[in-house]
>>> print(open('query-v4.txt').read())   # compact mmCIF, C-alpha atoms and all ligand atoms
# COMPACT_ATOMS: atom_id res chain seq x y z
CA ARG A 1 0.00 0.00 0.00
CA LYS A 2 1.03 3.56 -0.69
CA LYS A 3 1.53 5.90 2.28
CA VAL A 4 -1.55 8.01 3.01
CA THR A 5 -0.61 11.70 2.96
CA ILE A 6 -2.41 14.83 4.08
CA ALA A 7 -2.78 15.78 0.40
CA HIS A 8 -4.47 12.40 -0.21
CA LEU A 9 -6.92 13.06 2.65
CA GLN A 10 -7.69 16.49 1.20
CA ALA A 11 -8.33 14.88 -2.19
CA LEU A 12 -10.74 12.41 -0.55
CA ARG A 13 -12.51 15.34 1.10
CA ALA A 14 -12.70 17.25 -2.20
CA SER A 15 -14.21 14.23 -3.98
CA ARG A 16 -16.61 13.57 -1.07
CA THR A 17 -15.09 10.15 -0.49
CA PRO A 18 -15.51 9.30 3.21
CA ILE A 19 -12.26 8.87 5.16
CA THR A 20 -11.88 5.86 7.46
CA MET A 21 -10.10 6.14 10.80
CA LEU A 22 -9.81 3.51 13.51
CA THR A 23 -7.95 3.38 16.79
CA ALA A 24 -5.11 0.89 17.38
CA TYR A 25 -3.14 0.21 20.52
CA ASP A 26 -0.61 -2.48 19.66
CA TYR A 27 1.21 -4.26 16.83
CA PRO A 28 -1.61 -6.64 15.78
CA THR A 29 -4.28 -3.91 15.69
CA GLY A 30 -1.87 -1.65 13.81
CA ARG A 31 -1.29 -4.45 11.31
CA ALA A 32 -5.04 -4.91 10.86
CA CYS A 33 -5.45 -1.20 9.98
CA GLU A 34 -2.60 -1.56 7.50
CA ALA A 35 -3.88 -4.79 5.95
CA HIS A 36 -7.55 -3.87 5.69
CA GLY A 37 -7.34 -0.49 4.02
CA ILE A 38 -7.89 2.02 6.84
CA ASP A 39 -6.84 5.59 5.90
CA ILE A 40 -5.82 6.90 9.35
CA THR A 41 -4.66 4.87 12.34
CA LEU A 42 -5.15 6.68 15.66
CA VAL A 43 -3.35 5.74 18.84
CA GLY A 44 -6.12 7.28 20.93
CA ASP A 45 -5.78 7.97 24.62
CA SER A 46 -8.82 5.70 24.91
CA LEU A 47 -5.83 3.34 25.27
CA ALA A 48 -6.09 4.21 28.97
CA GLN A 49 -9.51 2.58 29.37
CA VAL A 50 -9.89 -0.08 26.72
CA CYS A 51 -6.36 -1.42 26.83
CA LEU A 52 -4.79 -0.52 30.18
CA GLY A 53 -7.86 -0.68 32.44
CA TYR A 54 -7.71 2.86 33.84
CA ASP A 55 -11.04 4.52 34.63
CA SER A 56 -10.21 7.74 32.74
CA THR A 57 -8.01 8.92 29.86
CA THR A 58 -6.57 11.53 32.23
CA ARG A 59 -4.50 8.77 33.88
CA LEU A 60 -2.43 8.04 30.77
CA THR A 61 1.23 9.13 30.81
CA LEU A 62 3.30 10.21 27.82
CA ASP A 63 5.62 7.24 28.34
CA GLU A 64 2.70 4.79 28.21
CA LEU A 65 1.39 6.46 25.04
CA LEU A 66 4.86 6.29 23.46
CA HIS A 67 5.28 2.61 24.30
CA HIS A 68 2.03 1.73 22.50
CA THR A 69 2.59 4.16 19.62
CA ARG A 70 5.90 2.46 18.81
CA ALA A 71 4.16 -0.92 18.67
CA VAL A 72 1.37 0.39 16.42
CA ALA A 73 3.90 2.14 14.17
CA ARG A 74 5.68 -1.17 13.54
CA GLY A 75 2.44 -2.70 12.25
CA SER A 76 0.70 0.27 10.60
CA ARG A 77 2.86 1.76 7.86
CA ALA A 78 0.63 2.97 5.03
CA PRO A 79 -2.16 4.66 7.02
CA LEU A 80 -1.43 8.16 8.32
CA LEU A 81 -0.43 7.52 11.94
CA VAL A 82 -1.86 9.99 14.45
CA ALA A 83 -1.27 9.76 18.21
CA ASP A 84 -3.21 11.48 20.98
CA MET A 85 -1.36 13.88 23.24
CA PRO A 86 -2.14 12.65 26.77
CA PHE A 87 -3.86 14.96 29.25
CA GLY A 88 -1.41 17.45 30.74
CA THR A 89 1.30 17.06 28.09
CA TYR A 90 0.27 20.04 25.93
CA LEU A 91 -1.59 22.45 28.18
CA ALA A 92 1.05 24.40 30.12
CA SER A 93 2.41 26.32 27.14
CA PRO A 94 3.03 26.00 23.40
CA GLU A 95 6.70 25.18 24.22
CA ASP A 96 5.63 22.40 26.57
CA ALA A 97 3.31 21.05 23.87
CA LEU A 98 6.13 21.19 21.33
CA ARG A 99 8.45 19.17 23.59
CA SER A 100 5.77 16.52 24.07
CA ALA A 101 4.86 16.45 20.37
CA VAL A 102 8.50 16.03 19.35
CA ARG A 103 8.69 12.92 21.55
CA VAL A 104 5.47 11.53 20.03
CA VAL A 105 6.90 11.96 16.53
CA ARG A 106 10.55 11.05 17.18
CA GLU A 107 10.23 8.32 19.80
CA GLY A 108 6.71 7.12 18.96
CA GLY A 109 6.96 7.26 15.18
CA ALA A 110 3.69 9.15 14.72
CA ASP A 111 3.09 11.26 11.61
CA ALA A 112 0.84 13.72 13.44
CA VAL A 113 -0.49 14.51 16.91
CA LYS A 114 -4.04 15.04 18.14
CA MET A 115 -5.11 17.46 20.90
CA GLU A 116 -8.48 18.18 22.53
CA GLY A 117 -9.53 21.81 22.80
CA GLY A 118 -10.71 25.02 21.15
CA MET A 119 -9.54 28.65 21.10
CA GLU A 120 -7.12 28.05 23.98
CA LEU A 121 -5.05 25.82 21.67
CA VAL A 122 -4.69 28.27 18.79
CA GLU A 123 -1.16 29.38 19.75
CA THR A 124 -0.10 25.78 20.35
CA VAL A 125 -1.43 24.61 16.98
CA ARG A 126 0.42 27.50 15.28
CA LYS A 127 3.62 26.57 17.08
CA LEU A 128 3.49 22.88 16.11
CA THR A 129 2.36 23.34 12.52
CA GLY A 130 4.98 26.09 12.22
CA VAL A 131 7.78 23.59 12.84
CA GLY A 132 6.19 20.94 10.64
CA ILE A 133 4.30 18.75 13.06
CA PRO A 134 0.80 18.21 11.63
CA VAL A 135 -1.98 18.66 14.17
CA MET A 136 -5.38 16.99 14.29
CA ALA A 137 -7.73 18.95 16.56
CA HIS A 138 -10.56 17.43 18.60
CA VAL A 139 -13.70 19.49 19.27
CA GLY A 140 -17.20 18.83 20.59
CA LEU A 141 -17.12 16.31 23.42
CA GLN A 142 -13.62 16.29 24.91
CA PRO A 143 -13.26 13.18 27.09
CA GLN A 144 -10.21 14.60 28.93
CA ARG A 145 -12.70 17.13 30.42
CA HIS A 146 -15.40 14.63 31.40
CA VAL A 147 -15.38 15.67 35.07
CA ALA A 148 -15.66 19.39 34.28
CA LEU A 149 -18.43 18.56 31.78
CA SER A 150 -20.31 16.44 34.34
CA GLY A 151 -20.01 13.33 32.18
CA TYR A 152 -19.60 12.17 28.59
CA ARG A 153 -22.42 14.25 27.17
CA ALA A 154 -23.19 15.42 23.65
CA GLN A 155 -22.09 19.01 23.00
CA GLY A 156 -23.50 21.76 20.79
CA ARG A 157 -27.14 20.92 21.46
CA ASP A 158 -28.21 24.51 22.04
CA ALA A 159 -27.48 27.49 19.79
CA GLU A 160 -24.82 28.99 22.06
CA SER A 161 -22.96 25.73 22.53
CA ALA A 162 -23.20 24.94 18.79
CA LEU A 163 -21.69 28.34 17.98
CA HIS A 164 -18.86 27.61 20.41
CA VAL A 165 -18.03 24.33 18.64
CA LEU A 166 -18.18 26.02 15.22
CA ARG A 167 -15.93 28.90 16.33
CA SER A 168 -13.43 26.46 17.81
CA ALA A 169 -13.27 24.52 14.54
CA LEU A 170 -12.85 27.69 12.46
CA ALA A 171 -10.11 29.03 14.76
CA LEU A 172 -8.21 25.72 14.72
CA GLU A 173 -8.37 25.56 10.93
CA GLU A 174 -7.07 29.11 10.76
CA ALA A 175 -4.25 28.12 13.15
CA GLY A 176 -3.21 25.37 10.75
CA ALA A 177 -4.75 22.09 11.95
CA PHE A 178 -5.08 19.72 8.97
CA ALA A 179 -7.99 17.78 10.49
CA ALA A 180 -10.32 17.69 13.47
CA VAL A 181 -12.20 14.96 15.26
CA VAL A 182 -15.74 16.19 15.90
CA GLU A 183 -17.19 14.16 18.77
CA ALA A 184 -20.78 13.80 19.96
CA VAL A 185 -22.55 16.78 18.40
CA PRO A 186 -25.93 16.91 16.59
CA HIS A 187 -25.61 15.59 13.02
CA ALA A 188 -26.79 18.91 11.55
CA LEU A 189 -23.92 20.67 13.33
CA GLY A 190 -21.37 18.03 12.22
CA THR A 191 -22.46 18.56 8.62
CA TYR A 192 -22.58 22.35 8.90
CA ILE A 193 -19.06 22.59 10.36
CA SER A 194 -17.71 20.28 7.66
CA ARG A 195 -19.18 22.52 4.94
CA ARG A 196 -18.05 25.79 6.55
CA LEU A 197 -14.41 24.74 6.78
CA THR A 198 -12.32 25.26 3.68
CA ARG A 199 -9.40 22.83 4.10
CA MET A 200 -9.62 21.14 7.47
CA VAL A 201 -10.80 17.54 7.22
CA THR A 202 -13.50 16.56 9.74
CA ILE A 203 -13.56 13.07 11.24
CA GLY A 204 -16.79 12.45 13.10
CA ILE A 205 -17.61 10.19 16.01
CA GLY A 206 -21.21 10.63 17.03
CA ALA A 207 -21.43 13.63 14.67
CA GLY A 208 -23.64 12.12 11.96
CA ALA A 209 -22.93 11.08 8.38
CA GLY A 210 -22.08 14.54 7.02
CA THR A 211 -18.48 14.77 8.24
CA ASP A 212 -15.57 14.02 5.88
CA GLY A 213 -14.79 10.78 7.68
CA GLN A 214 -15.66 8.54 10.62
CA VAL A 215 -13.73 7.10 13.54
CA LEU A 216 -14.59 4.46 16.13
CA VAL A 217 -12.68 2.91 18.99
CA TRP A 218 -11.36 -0.54 18.02
CA ASP A 219 -12.88 -2.34 21.00
CA ASP A 220 -16.28 -0.64 20.64
CA MET A 221 -16.43 -1.44 16.93
CA LEU A 222 -15.42 -5.10 17.25
CA GLY A 223 -17.03 -5.91 20.59
CA THR A 224 -13.79 -7.24 22.09
CA TRP A 225 -15.38 -6.50 25.45
CA HIS A 226 -18.68 -4.93 26.39
CA GLY A 227 -18.53 -1.94 28.70
CA HIS A 228 -20.84 1.06 28.41
CA GLN A 229 -22.00 1.48 24.81
CA ALA A 230 -22.33 5.10 23.69
CA LYS A 231 -25.23 6.04 21.39
CA PHE A 232 -22.84 6.49 18.48
CA VAL A 233 -21.20 3.05 18.69
CA ARG A 234 -22.11 0.33 16.23
CA ARG A 235 -20.72 -3.15 16.84
CA PHE A 236 -19.52 -4.56 13.54
CA ALA A 237 -18.40 -7.81 15.15
CA GLN A 238 -18.74 -9.71 18.45
CA VAL A 239 -15.17 -10.68 19.11
CA ASP A 240 -15.83 -11.25 22.83
CA ARG A 241 -18.11 -14.20 21.96
CA GLU A 242 -15.36 -15.88 19.96
CA VAL A 243 -12.88 -15.21 22.78
CA GLU A 244 -15.22 -16.79 25.34
CA ARG A 245 -15.87 -19.78 23.10
CA GLY A 246 -12.16 -20.33 22.54
CA VAL A 247 -11.03 -19.88 26.15
CA ARG A 248 -13.75 -22.19 27.48
CA ALA A 249 -13.06 -24.84 24.84
CA TYR A 250 -9.34 -24.75 25.65
CA ALA A 251 -9.87 -25.04 29.43
CA ASP A 252 -12.41 -27.88 28.95
CA ALA A 253 -10.04 -29.77 26.65
CA VAL A 254 -7.17 -29.46 29.12
CA ARG A 255 -9.35 -30.62 32.02
CA GLU A 256 -10.65 -33.66 30.14
CA ARG A 257 -7.16 -34.44 28.71
CA SER A 258 -8.36 -34.28 25.12
CA PHE A 259 -5.68 -31.62 24.58
CA PRO A 260 -2.96 -32.19 23.59
CA ALA A 261 -3.62 -35.13 21.26
CA LEU A 262 -0.88 -37.56 20.25
CA GLU A 263 -0.38 -35.81 16.92
CA GLU A 264 0.12 -32.52 18.79
CA SER A 265 3.08 -34.09 20.69
CA TYR A 266 6.66 -35.03 19.75
CA GLU A 267 8.03 -38.58 19.38
CA MET A 268 11.50 -40.00 19.81
CA PRO A 269 13.12 -41.83 16.87
CA LYS A 270 12.86 -45.66 17.03
CA GLY A 271 14.93 -47.29 19.77
CA GLN A 272 15.78 -44.11 21.66
CA TRP A 273 13.18 -44.59 24.35
CA GLU A 274 14.43 -48.13 25.12
CA LYS A 275 18.00 -46.81 25.31
CA PHE A 276 16.90 -43.99 27.60
CA GLU A 277 15.02 -46.37 29.93
CA ARG A 278 18.03 -48.69 30.22
O1 LIG B 301 -8.97 8.37 22.20
C1 LIG B 301 -9.69 8.07 21.20
O2 LIG B 301 -9.92 6.90 20.89
C2 LIG B 301 -10.23 9.17 20.39
C3 LIG B 301 -11.14 8.84 19.25
C4 LIG B 301 -12.39 8.18 19.70
C5 LIG B 301 -11.40 10.01 18.40
O3 LIG B 301 -9.91 10.30 20.65
NA NA B 302 -8.78 10.59 22.61
>>> encode(input="query-v4.txt", output="structure tokens", more="lines below")
Ligand code: KIV
Ligand code: NA
Amino acid sequence: RKKVTIAHLQALRASRTPITMLTAYDYPTGRACEAHGIDITLVGDSLAQVCLGYDSTTRLTLDELLHHTRAVARGSRAPLLVADMPFGTYLASPEDALRSAVRVVREGGADAVKMEGGMELVETVRKLTGVGIPVMAHVGLQPQRHVALSGYRAQGRDAESALHVLRSALALEEAGAFAAVVEAVPHALGTYISRRLTRMVTIGIGAGAGTDGQVLVWDDMLGTWHGHQAKFVRRFAQVDREVERGVRAYADAVRERSFPALEESYEMPKGQWEKFER
């Protein structure tokens, strides 16, 4: 596969061809994105919950993110590789954000970084894009703020809030972000923002079908395990059922000694056992 570039994503947007993005957290999931034609692989900080068992993305450290980004990068080569900036690694100042982003690119192997926020990130986005680090913004529902927002709730559902999301997107485009995740907003707003922007590519999650692309979390999409299911999640597979079937079948076979069978074991050449016993 040919490497997916920002120019390629812009061409998809221009031709109204929906862009596919999926999260990945390790080498095998990275390889699956590579092998099955995904345009953008995202090492999301959802890593914290779905892969590391934390109760919030705000617990994820930069070192943990880097460790997983390196693994994904080894498996996912053609898709554009974007990694989330963990909570607290880009908020103190544009310089602080730049130091963190350089590590994500140099040590992690990411092509671009993603950051949650609006107007308050304009200087930071300018700084990073100014030195050649592509930035994907993330507006609408920002999970790193779930406590301040009193939960994972849809944003932009009243006129004032919708205007806030739109203004954030416009400001981040102006600052140089090449793309933005638009999370959990009314579909009319997702479509409107996507039309109002001139170059920035929108990737929706719970933002309706009118954005330039879609993203889902790997584990939500495949049903690898069933936690809370947000309104915008569709399960395209039930991997947890296969896992349960396989684990139970293995344990049963071990307990009843039907595994391993003779043909799953090694033999000694003729005569060697007799020699050994003597
Ligand atoms: O962390 C994540 O997985 C994300 C996507 C859902 C956009 O930010
Ligand atoms: Na995220």
>>> residues_near_ligand(input="query-v4.txt", ligand="ligand NA 302 (chain B)", cutoff="6 Å", atoms="all atoms listed in the file", output="list in words")
Gly44, Asp45, Ser46 and Asp84 of chain A
>>> write_last_selection(input="query-v4.txt", atoms="C-alpha atoms", output="PDB file, keeping the file's coordinate frame")
ATOM      1  CA  GLY A  44      -6.120   7.280  20.930  1.00  0.00           C
ATOM      2  CA  ASP A  45      -5.780   7.970  24.620  1.00  0.00           C
ATOM      3  CA  SER A  46      -8.820   5.700  24.910  1.00  0.00           C
ATOM      4  CA  ASP A  84      -3.210  11.480  20.980  1.00  0.00           C
TER       5      ASP A  84
END
>>> atom_distance(input="query-v4.txt", atom1="atom CA of A:Ala101", atom2="atom CA of A:His67")
14.4 Å
>>> closest_atom_pairs(input="query-v4.txt", of="chain A", to="ligand LIG 301 (chain B)", cutoff="10 Å", atoms="only C-alpha atoms and all ligand atoms", output="JSON lines")
{"residue": "A:Met21", "atom": "CA", "partner": "B:LIG301", "partner_atom": "C5", "distance": 8.6}
{"residue": "A:Leu22", "atom": "CA", "partner": "B:LIG301", "partner_atom": "C3", "distance": 7.9}
{"residue": "A:Thr23", "atom": "CA", "partner": "B:LIG301", "partner_atom": "O2", "distance": 5.8}
{"residue": "A:Ala24", "atom": "CA", "partner": "B:LIG301", "partner_atom": "O2", "distance": 8.5}
{"residue": "A:Tyr25", "atom": "CA", "partner": "B:LIG301", "partner_atom": "O2", "distance": 9.5}
{"residue": "A:Leu42", "atom": "CA", "partner": "B:LIG301", "partner_atom": "O2", "distance": 7.1}
{"residue": "A:Val43", "atom": "CA", "partner": "B:LIG301", "partner_atom": "O2", "distance": 7.0}
{"residue": "A:Gly44", "atom": "CA", "partner": "B:LIG301", "partner_atom": "O1", "distance": 3.3}
{"residue": "A:Asp45", "atom": "CA", "partner": "B:LIG301", "partner_atom": "O1", "distance": 4.0}
{"residue": "A:Ser46", "atom": "CA", "partner": "B:LIG301", "partner_atom": "O1", "distance": 3.8}
{"residue": "A:Leu47", "atom": "CA", "partner": "B:LIG301", "partner_atom": "O1", "distance": 6.7}
{"residue": "A:Ala48", "atom": "CA", "partner": "B:LIG301", "partner_atom": "O1", "distance": 8.5}
{"residue": "A:Gln49", "atom": "CA", "partner": "B:LIG301", "partner_atom": "O1", "distance": 9.2}
{"residue": "A:Val50", "atom": "CA", "partner": "B:LIG301", "partner_atom": "O2", "distance": 9.1}
{"residue": "A:Thr57", "atom": "CA", "partner": "B:LIG301", "partner_atom": "O1", "distance": 7.7}
{"residue": "A:Ala83", "atom": "CA", "partner": "B:LIG301", "partner_atom": "O1", "distance": 8.8}
{"residue": "A:Asp84", "atom": "CA", "partner": "B:LIG301", "partner_atom": "O1", "distance": 6.7}
{"residue": "A:Met85", "atom": "CA", "partner": "B:LIG301", "partner_atom": "O1", "distance": 9.5}
{"residue": "A:Pro86", "atom": "CA", "partner": "B:LIG301", "partner_atom": "O1", "distance": 9.3}
{"residue": "A:Lys114", "atom": "CA", "partner": "B:LIG301", "partner_atom": "O3", "distance": 8.0}
{"residue": "A:Met115", "atom": "CA", "partner": "B:LIG301", "partner_atom": "O3", "distance": 8.6}
{"residue": "A:Glu116", "atom": "CA", "partner": "B:LIG301", "partner_atom": "O3", "distance": 8.2}
{"residue": "A:Ala137", "atom": "CA", "partner": "B:LIG301", "partner_atom": "O3", "distance": 9.8}
{"residue": "A:His138", "atom": "CA", "partner": "B:LIG301", "partner_atom": "O3", "distance": 7.4}
{"residue": "A:Val139", "atom": "CA", "partner": "B:LIG301", "partner_atom": "C5", "distance": 9.8}
{"residue": "A:Leu141", "atom": "CA", "partner": "B:LIG301", "partner_atom": "O3", "distance": 9.8}
{"residue": "A:Gln142", "atom": "CA", "partner": "B:LIG301", "partner_atom": "O3", "distance": 8.2}
{"residue": "A:Pro143", "atom": "CA", "partner": "B:LIG301", "partner_atom": "O3", "distance": 7.8}
{"residue": "A:Gln144", "atom": "CA", "partner": "B:LIG301", "partner_atom": "O1", "distance": 9.3}
{"residue": "A:Ala180", "atom": "CA", "partner": "B:LIG301", "partner_atom": "C5", "distance": 9.2}
{"residue": "A:Val181", "atom": "CA", "partner": "B:LIG301", "partner_atom": "C5", "distance": 5.9}
{"residue": "A:Val182", "atom": "CA", "partner": "B:LIG301", "partner_atom": "C5", "distance": 8.0}
{"residue": "A:Glu183", "atom": "CA", "partner": "B:LIG301", "partner_atom": "C5", "distance": 7.1}
{"residue": "A:Ile203", "atom": "CA", "partner": "B:LIG301", "partner_atom": "C5", "distance": 8.1}
{"residue": "A:Gly204", "atom": "CA", "partner": "B:LIG301", "partner_atom": "C5", "distance": 7.9}
{"residue": "A:Ile205", "atom": "CA", "partner": "B:LIG301", "partner_atom": "C5", "distance": 6.7}
{"residue": "A:Gly206", "atom": "CA", "partner": "B:LIG301", "partner_atom": "C4", "distance": 9.5}
{"residue": "A:Gln214", "atom": "CA", "partner": "B:LIG301", "partner_atom": "C5", "distance": 9.0}
{"residue": "A:Val215", "atom": "CA", "partner": "B:LIG301", "partner_atom": "C5", "distance": 6.1}
{"residue": "A:Leu216", "atom": "CA", "partner": "B:LIG301", "partner_atom": "C4", "distance": 5.6}
{"residue": "A:Val217", "atom": "CA", "partner": "B:LIG301", "partner_atom": "O2", "distance": 5.2}
{"residue": "A:Trp218", "atom": "CA", "partner": "B:LIG301", "partner_atom": "O2", "distance": 8.1}
{"residue": "A:Asp219", "atom": "CA", "partner": "B:LIG301", "partner_atom": "O2", "distance": 9.7}
{"residue": "A:Asp220", "atom": "CA", "partner": "B:LIG301", "partner_atom": "C4", "distance": 9.7}
>>> write_last_selection(input="query-v4.txt", atoms="C-alpha atoms", output="PDB file, in the coordinates of the input")
ATOM      1  CA  MET A  21     -10.100   6.140  10.800  1.00  0.00           C
ATOM      2  CA  LEU A  22      -9.810   3.510  13.510  1.00  0.00           C
ATOM      3  CA  THR A  23      -7.950   3.380  16.790  1.00  0.00           C
ATOM      4  CA  ALA A  24      -5.110   0.890  17.380  1.00  0.00           C
ATOM      5  CA  TYR A  25      -3.140   0.210  20.520  1.00  0.00           C
ATOM      6  CA  LEU A  42      -5.150   6.680  15.660  1.00  0.00           C
ATOM      7  CA  VAL A  43      -3.350   5.740  18.840  1.00  0.00           C
ATOM      8  CA  GLY A  44      -6.120   7.280  20.930  1.00  0.00           C
ATOM      9  CA  ASP A  45      -5.780   7.970  24.620  1.00  0.00           C
ATOM     10  CA  SER A  46      -8.820   5.700  24.910  1.00  0.00           C
ATOM     11  CA  LEU A  47      -5.830   3.340  25.270  1.00  0.00           C
ATOM     12  CA  ALA A  48      -6.090   4.210  28.970  1.00  0.00           C
ATOM     13  CA  GLN A  49      -9.510   2.580  29.370  1.00  0.00           C
ATOM     14  CA  VAL A  50      -9.890  -0.080  26.720  1.00  0.00           C
ATOM     15  CA  THR A  57      -8.010   8.920  29.860  1.00  0.00           C
ATOM     16  CA  ALA A  83      -1.270   9.760  18.210  1.00  0.00           C
ATOM     17  CA  ASP A  84      -3.210  11.480  20.980  1.00  0.00           C
ATOM     18  CA  MET A  85      -1.360  13.880  23.240  1.00  0.00           C
ATOM     19  CA  PRO A  86      -2.140  12.650  26.770  1.00  0.00           C
ATOM     20  CA  LYS A 114      -4.040  15.040  18.140  1.00  0.00           C
ATOM     21  CA  MET A 115      -5.110  17.460  20.900  1.00  0.00           C
ATOM     22  CA  GLU A 116      -8.480  18.180  22.530  1.00  0.00           C
ATOM     23  CA  ALA A 137      -7.730  18.950  16.560  1.00  0.00           C
ATOM     24  CA  HIS A 138     -10.560  17.430  18.600  1.00  0.00           C
ATOM     25  CA  VAL A 139     -13.700  19.490  19.270  1.00  0.00           C
ATOM     26  CA  LEU A 141     -17.120  16.310  23.420  1.00  0.00           C
ATOM     27  CA  GLN A 142     -13.620  16.290  24.910  1.00  0.00           C
ATOM     28  CA  PRO A 143     -13.260  13.180  27.090  1.00  0.00           C
ATOM     29  CA  GLN A 144     -10.210  14.600  28.930  1.00  0.00           C
ATOM     30  CA  ALA A 180     -10.320  17.690  13.470  1.00  0.00           C
ATOM     31  CA  VAL A 181     -12.200  14.960  15.260  1.00  0.00           C
ATOM     32  CA  VAL A 182     -15.740  16.190  15.900  1.00  0.00           C
ATOM     33  CA  GLU A 183     -17.190  14.160  18.770  1.00  0.00           C
ATOM     34  CA  ILE A 203     -13.560  13.070  11.240  1.00  0.00           C
ATOM     35  CA  GLY A 204     -16.790  12.450  13.100  1.00  0.00           C
ATOM     36  CA  ILE A 205     -17.610  10.190  16.010  1.00  0.00           C
ATOM     37  CA  GLY A 206     -21.210  10.630  17.030  1.00  0.00           C
ATOM     38  CA  GLN A 214     -15.660   8.540  10.620  1.00  0.00           C
ATOM     39  CA  VAL A 215     -13.730   7.100  13.540  1.00  0.00           C
ATOM     40  CA  LEU A 216     -14.590   4.460  16.130  1.00  0.00           C
ATOM     41  CA  VAL A 217     -12.680   2.910  18.990  1.00  0.00           C
ATOM     42  CA  TRP A 218     -11.360  -0.540  18.020  1.00  0.00           C
ATOM     43  CA  ASP A 219     -12.880  -2.340  21.000  1.00  0.00           C
ATOM     44  CA  ASP A 220     -16.280  -0.640  20.640  1.00  0.00           C
TER      45      ASP A 220
END
>>> atom_distance(input="query-v4.txt", atom1="atom CA of A:Gly108", atom2="atom CA of A:Leu66")
4.9 Å
>>> atom_distance(input="query-v4.txt", atom1="atom CA of A:Leu149", atom2="atom CA of A:Met136")
21.9 Å
>>> closest_residue(input="query-v4.txt", among="A:Cys51, A:Val102, A:Leu81, A:Ala175", to="A:Asp26", atoms="only C-alpha atoms")
A:Cys51
>>> closest_residue(input="query-v4.txt", among="A:Arg59, A:Lys270, A:Arg278, A:Arg153", to="A:Ala230", atoms="all atoms listed in the file")
A:Arg153
>>> closest_residue(input="query-v4.txt", among="A:Arg167, A:Arg241, A:Lys3, A:Arg234", to="A:Leu197", atoms="all atoms listed in the file")
A:Arg167
>>> residues_near_point(input="query-v4.txt", point="(-11.1, 27.3, 18.7)", cutoff="9 Å", atoms="only C-alpha atoms", output="ChimeraX atom specification")
/A:117-122,139,164-173,175
>>> closest_residue(input="query-v4.txt", among="A:His68, A:His226, A:Arg145, A:Arg16", to="A:Thr29", atoms="all atoms listed in the file")
A:His68
>>> closest_residue(input="query-v4.txt", among="A:Val125, A:Val254, A:Leu189, A:Ala148", to="A:Ala177", atoms="all atoms listed in the file")
A:Val125
>>> residues_around(input="query-v4.txt", residues="A:Ala73", least_positions_apart="4", cutoff="8 Å", atoms="only C-alpha atoms", output="JSON, numbers by chain")
{"A": [27, 30, 69, 77, 81, 108, 109, 110]}
>>> closest_residue(input="query-v4.txt", among="A:Thr61, A:Gln155, A:Thr41, A:Ser100", to="A:Leu80", atoms="all atoms listed in the file")
A:Thr41
>>> axis_aligned_box(input="query-v4.txt", around="stretch 145-158 of chain A", padding_each_side="3 Å", output="lines of an AutoDock Vina configuration file")
center_x = -20.5
center_y = 18.3
center_z = 27.9
size_x = 21.5
size_y = 18.3
size_z = 20.3
>>> residues_around(input="query-v4.txt", residues="A:Gly223", least_positions_apart="6", cutoff="6 Å", atoms="only C-alpha atoms", output="PyMOL selection string")
chain A and resi 235+237-240
